[in-house]
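Let me begin by presenting the structure, written as structure tokens, before commenting on it.
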Protein chains: 4
Amino acid sequence: MSSSIGQTLKLSLFGESHGAAIGVVLDGLPGGLALDLEEIAREMARRAPGQDNLSTTRREADIPQIVSGFFRGRTTGTPLCALIQNTDTRSGDYGTLQELMRPGHADYTAQLRYGGYQDFRGSGHFSGRLTAPLVFAGAVCKQLLAGEGVSIGAHIAAVHGVRDALFDPVTLTPGQLDALARQPFPALDKAQGEKMRTEILAAKYEADSVGGVVECGVLGFPAGIGDPFFGSVESVLSHLLFSVPAVKGVEFGLGFGITELRGSQSNDSYYYDGGEVKTRTNHNGGILGGITNGMPIVFRAAIKPTSSIGKPQQTVNIAARREETLVVKGRHDPCIVQRAVPVIEAVTAVGLCDLLLSAPQKQTKEKG
Amino acid sequence: MSSSIGQTLKLSLFGESHGAAIGVVLDGLPGGLALDLEEIAREMARRAPGQDNLSTTRREADIPQIVSGFFRGRTTGTPLCALIQNTDTRSGDYGTLQELMRPGHADYTAQLRYGGYQDFRGSGHFSGRLTAPLVFAGAVCKQLLAGEGVSIGAHIAAVHGVRDALFDPVTLTPGQLDALARQPFPALDKAQGEKMRTEILAAKYEADSVGGVVECGVLGFPAGIGDPFFGSVESVLSHLLFSVPAVKGVEFGLGFGITELRGSQSNDSYYYDGGEVKTRTNHNGGILGGITNGMPIVFRAAIKPTSSIGKPQQTVNIAARREETLVVKGRHDPCIVQRAVPVIEAVTAVGLCDLLLSAPQKQTKEKG
Amino acid sequence: MSSSIGQTLKLSLFGESHGAAIGVVLDGLPGGLALDLEEIAREMARRAPGQDNLSTTRREADIPQIVSGFFRGRTTGTPLCALIQNTDTRSGDYGTLQELMRPGHADYTAQLRYGGYQDFRGSGHFSGRLTAPLVFAGAVCKQLLAGEGVSIGAHIAAVHGVRDALFDPVTLTPGQLDALARQPFPALDKAQGEKMRTEILAAKYEADSVGGVVECGVLGFPAGIGDPFFGSVESVLSHLLFSVPAVKGVEFGLGFGITELRGSQSNDSYYYDGGEVKTRTNHNGGILGGITNGMPIVFRAAIKPTSSIGKPQQTVNIAARREETLVVKGRHDPCIVQRAVPVIEAVTAVGLCDLLLSAPQKQTKEKG
Amino acid sequence: MSSSIGQTLKLSLFGESHGAAIGVVLDGLPGGLALDLEEIAREMARRAPGQDNLSTTRREADIPQIVSGFFRGRTTGTPLCALIQNTDTRSGDYGTLQELMRPGHADYTAQLRYGGYQDFRGSGHFSGRLTAPLVFAGAVCKQLLAGEGVSIGAHIAAVHGVRDALFDPVTLTPGQLDALARQPFPALDKAQGEKMRTEILAAKYEADSVGGVVECGVLGFPAGIGDPFFGSVESVLSHLLFSVPAVKGVEFGLGFGITELRGSQSNDSYYYDGGEVKTRTNHNGGILGGITNGMPIVFRAAIKPTSSIGKPQQTVNIAARREETLVVKGRHDPCIVQRAVPVIEAVTAVGLCDLLLSAPQKQTKEKG
């Protein structure tokens, strides 16, 4: 596993925050997929830092260079590799990272795992910056999925306890999802969105940070995709979602809330809508037995508060083997939830694409 | 993926509820592991149905027969296969399952996925019965982990909104975990345990069902295990946890609750306890950047209410293509949370075993 | 890898020669495949020992019991597991195997690999007996492939230097392949077949053994299947072929012989046969750049002489740490080439089935 | 599979002959491995074209740029990505490749596989040029293996039927292997080496090409590595070897030649050399039951004649759907066997590295 994943569509992620470049290889894309590079750039921009007063002032152009697998405007079917150069790096900011373990970060666990050989500058391979190639990969997958009629969109469901409205998992429309993608701070309830922004700014002014919840919806994904047990859509998506730095929880449909209902309430009863089988409620988030049932796929991911804060923190100096007070310098996001939105969408697109490309529809049908 | 998983320790699950047998192959176990078969039987009994008035009256001996990979009381290092015969099957109970889709179950999605060829009797391969071989696999892995000083234990954190106390993720002891394993209905707070039992019986008497939350703790697992991104401990465990039927949410450490804190609160600050690096709090559940930090690993899984209920439900008859009222017959669990406890522990053991056997400790150290 | 393989169709092999049972799990088969159990039994019989004076007198019924994934005469689409009970085991024959390393066998390497915990009776997991479940898996895959118009057949191309004629890789017909499957000792040239049998009997009477070459042909497999590099048809098939005990060489098309030609001779020139692109020669065995071109797939596997011989051999006693003379007792095959024929066909069927089920035909076309 | 491979050490290959760059990601290397970049450059130079009158005049600097996973002169333990820019591309040379299928090349099969979307310029992803990143990966793996005392070396065993001496698989020394690496045209018998060169030049002057055989030897690789069946060393290495363009045969030890011996001859008898178990002969090439026995690993790969030749060839124009005569323009190698030598060594190093990093030595021993 490590930094590679996928069954039919294999993704291999590489790079460090302060190395020459970061990037991704996508192996298993079908040939002939026309890529809209502007649309990819738009997705990249959604994640890019430095867009407003809510995020870090680090600025990266984040322009992906496709070096393989793309010819005459279309995918070739052979591995597609994209590189993003690291330009705005200030390694001097991170001089003490080797010794002073930042609480909440992977400094200490990386030290244990790699024995001190890891590139510790700017969190190295653990940097949130590595989500840029993920967003690139997701943008490519979204275009493939769009060709199959699939829409993916997400919003900020909560920041520091201030909650947005949630998706209606039965009536959700592609128009709603598309509208969210055009907002820098996507919230269903504008007033709550404002309150959430206020929370972030409040944290910022106190040199602190906040976290939140991202809710993601998927429409138009075919029914009958996924497998029982280890190939369940929930397993595949949660695996990817927990790969995103700072995600500490994932729930599908009502998630933890479903445990407060009775079976007579939580079971989604079926009916015929025209000739089509649908459920009247969608507490299961579009997935039963690991397999999609054709209803909207809905899930939420919990994003912890940004680990980098300006406040002094107690920690250890592993070189001196003593406790010290640390003030993390450098440029930080007081909240990464809004920047996590396109990342959550991206890994969702990657996972669904792999599930779709791995689905044995044809064979099963032929045998019927 | 489907019904196979694992990098170094590969698990392949097979069987249907009403077929000849169900079972599991574990490929990649080291040779020389002495297996305590009585201890395995004890784990199997924890999951087995028919133990008290809280679960189905279906009775299965669930005695695993090891047919390979076990010689002179120890694992051989080659694939270990265990079979569990299906004995107490009453297929007549399930006669209409082919046509009437049970809400909450995988009947309809299996129909879409397998085109009608699935063994629909008793949910077939989707049956909760398939968790028996998972518990067997987990029991084997627990013994391997125990030899490395690792303890795994879980309790019922909630049933239908009635909440147990939660683990203290800093002070948790192996003794606490072991004590839970001896309880048929493991709860930290006995009074709350009683209330939860009452909730289950209330649902039973109303031909309904309830769900709940299982909290799991792991002690003694080495620090420095796991990988960033797709090899993260959270990714590997959540993949397995969402493979367990009825799981709809997974959260590590404070999980969704961490989103209500500020970074200055959620960051776990480091200190030296003797010569050892520890954190004063453990809001991250023992995992940072996907890698264990040596603190207890703590997470929770949401289990939805049992889908099979005695109450009439609205659904579709896909043969007649019309809506019908369904009353699910057969023997059901009004709540499977207590039976899910050993299953959650089992898949955790399987995942941690694979992570441990895949860990490149030796090589990294050699190069140091 | 170890005893599991496959991308879309995953095969997990288990068992030891003298354990309770051996078997295989096939995960990823499409649902709805009607299995002809008599045909499977016929394939099993081709490999089974004790059929004539050319092979061991060990007799095993080798009747596979399908315990899952098979319902109402068809595959369900969920994992199919088949077991074969071990019945005619005489463990007493193998008493010294733990100490005296048989030359040519895996006794010593298994000892190194498993540290003495391996089931050494009758070669344990390394036994040729494990090819029985492989033949079962191959028989299932052959039926799936037959439904797609694919024929697989093989013959004994050589025994101890006596050579049969080779397939004409351009004109080969399904009829030729089918005819071979009905022969216990399949040879294209009957006279050479007789000479080969004489070689085997000569070896038998001298308590010695011989090896040989199996040539396999595949017709009707779709063109355009396979991938460059690690997904090449040659890579996938050779991986499986070298998994068969005793295989020491694999060559496609002219194989090593192609190195004696010039490019102007070895290049297969294209022409139109009606509307279809064909090659006039087929020195590449139907595969170019790892991908099938629609011509017959032809390859050969070298099978070493049976390691078990009655003659005294010099070896080491690893318990006593001294050199000793060994006379292998028990029942042996003076030649396993004829019994390897259905095994070679079987792993070929498994590999081609996985390649076919993994092929992204649909997606590529859709994007066109 | 496709262009990704490996269990613990995952390799992902990307790029096309005439794209911006080609490269490779190695995920799973341990941290702390000091890389000798000059040694890597030396390996790259061995494969690079344009070195003498035996190969193409295309000249590429082939200087790999490491963009990740390398910090302060050592591997970090996170994915290492290396890029090689394509500089000397003359796309004009390949204008008709889209229509006129070159015999022996992958033009036609790529067309079938990718539906016309493949980058056809200079064979695209199928180009022998993609072996440059493989050599890079192999050079890294060789350095890791060298630290464990492993030597890998190869020589040209035959060209167009002219045969070199073969390795003595019992007495082979690291000195012999090292000496070969310093020769541009490595042959054990210098006179035969001269004859082989003459064969190549003769083919060149007739606008034709020749193939040959590469023999590879490995010393110092630990005994007890590998698995039965699908994890066999032969399976893992053959999978990689057949991934190298133009390889049509692979044999271990005596390979096809072992089929002409009797068991009493082919079995390698054991003896004690000091305290160490060795075999007097090594007909099995150091591998029994898929597992290394500590003797030299020896195998050969058959390389077909270069497909690109200057002579006119009959082929099809798939656009016009007619037969045509083709004269392949551009710069060609009359023989690629000498350039294949470092590639064969490279994939061997990659495979052995993965086997070594995947080996469960520690766990097995601990349980003893």
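Ligands are numbered from 1 in the order shown, chains are lettered A, B, ... in the order of the structure tokens, and residues start at 1 in each chain.
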
request  = Kindly provide, as a PyMOL selection string, the residues of chain B having any atom no farther than 9 Å from an atom of chain C, counting only C-alpha atoms.
outcome  = chain B and resi 1-4+7-8+10+12-16+19-23+25+27-28+30-33+66-72+74-81+113-119+125

key: Neighbour list for Gln192 of chain C as JSON, numbers by chain, cut-off 12 Å, only C-alpha atoms, skip fewer than 4 positions in-chain   = {"C": [155, 156, 157, 158, 159, 160, 161, 162, 163, 164, 165, 166, 185, 186, 187, 188, 196, 197, 198, 199]}

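Between Met295 of chain D and the residues D:Glu345, D:Asp36, D:Glu276, D:Glu215, the shortest atom-to-atom distance, using only C-alpha atoms, involves D:Glu276.
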
query = Hey, what does DSSP flag as alpha helix (DSSP H) within segment 60-292 of chain B? Can you give it to me as a PyMOL selection string?
reply = chain B and resi 107-114+131-147+174-181+190-205+233-241+263-266

task = May I have all residues of segment 138-340 of chain D that DSSP, computed from the backbone, assigns to strand (DSSP E or B), given as a count of residues only?
result = 56

inquiry  = Can you tell me which residues surround segment 285-290 of chain B at a distance of at most 6 Å, considering only C-alpha atoms, apart from same-chain residues fewer than 2 positions away, and format the answer as a list in words?
reply    =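 Residues meeting the cut-off are Ala106 of chain A; Gly226, Asp227, Pro228, Ser232, Val233, Phe252, Gly253, Asn282, His283, Thr292, Asn293, Met295, Pro296, Ile297 and Val298 of chain B.
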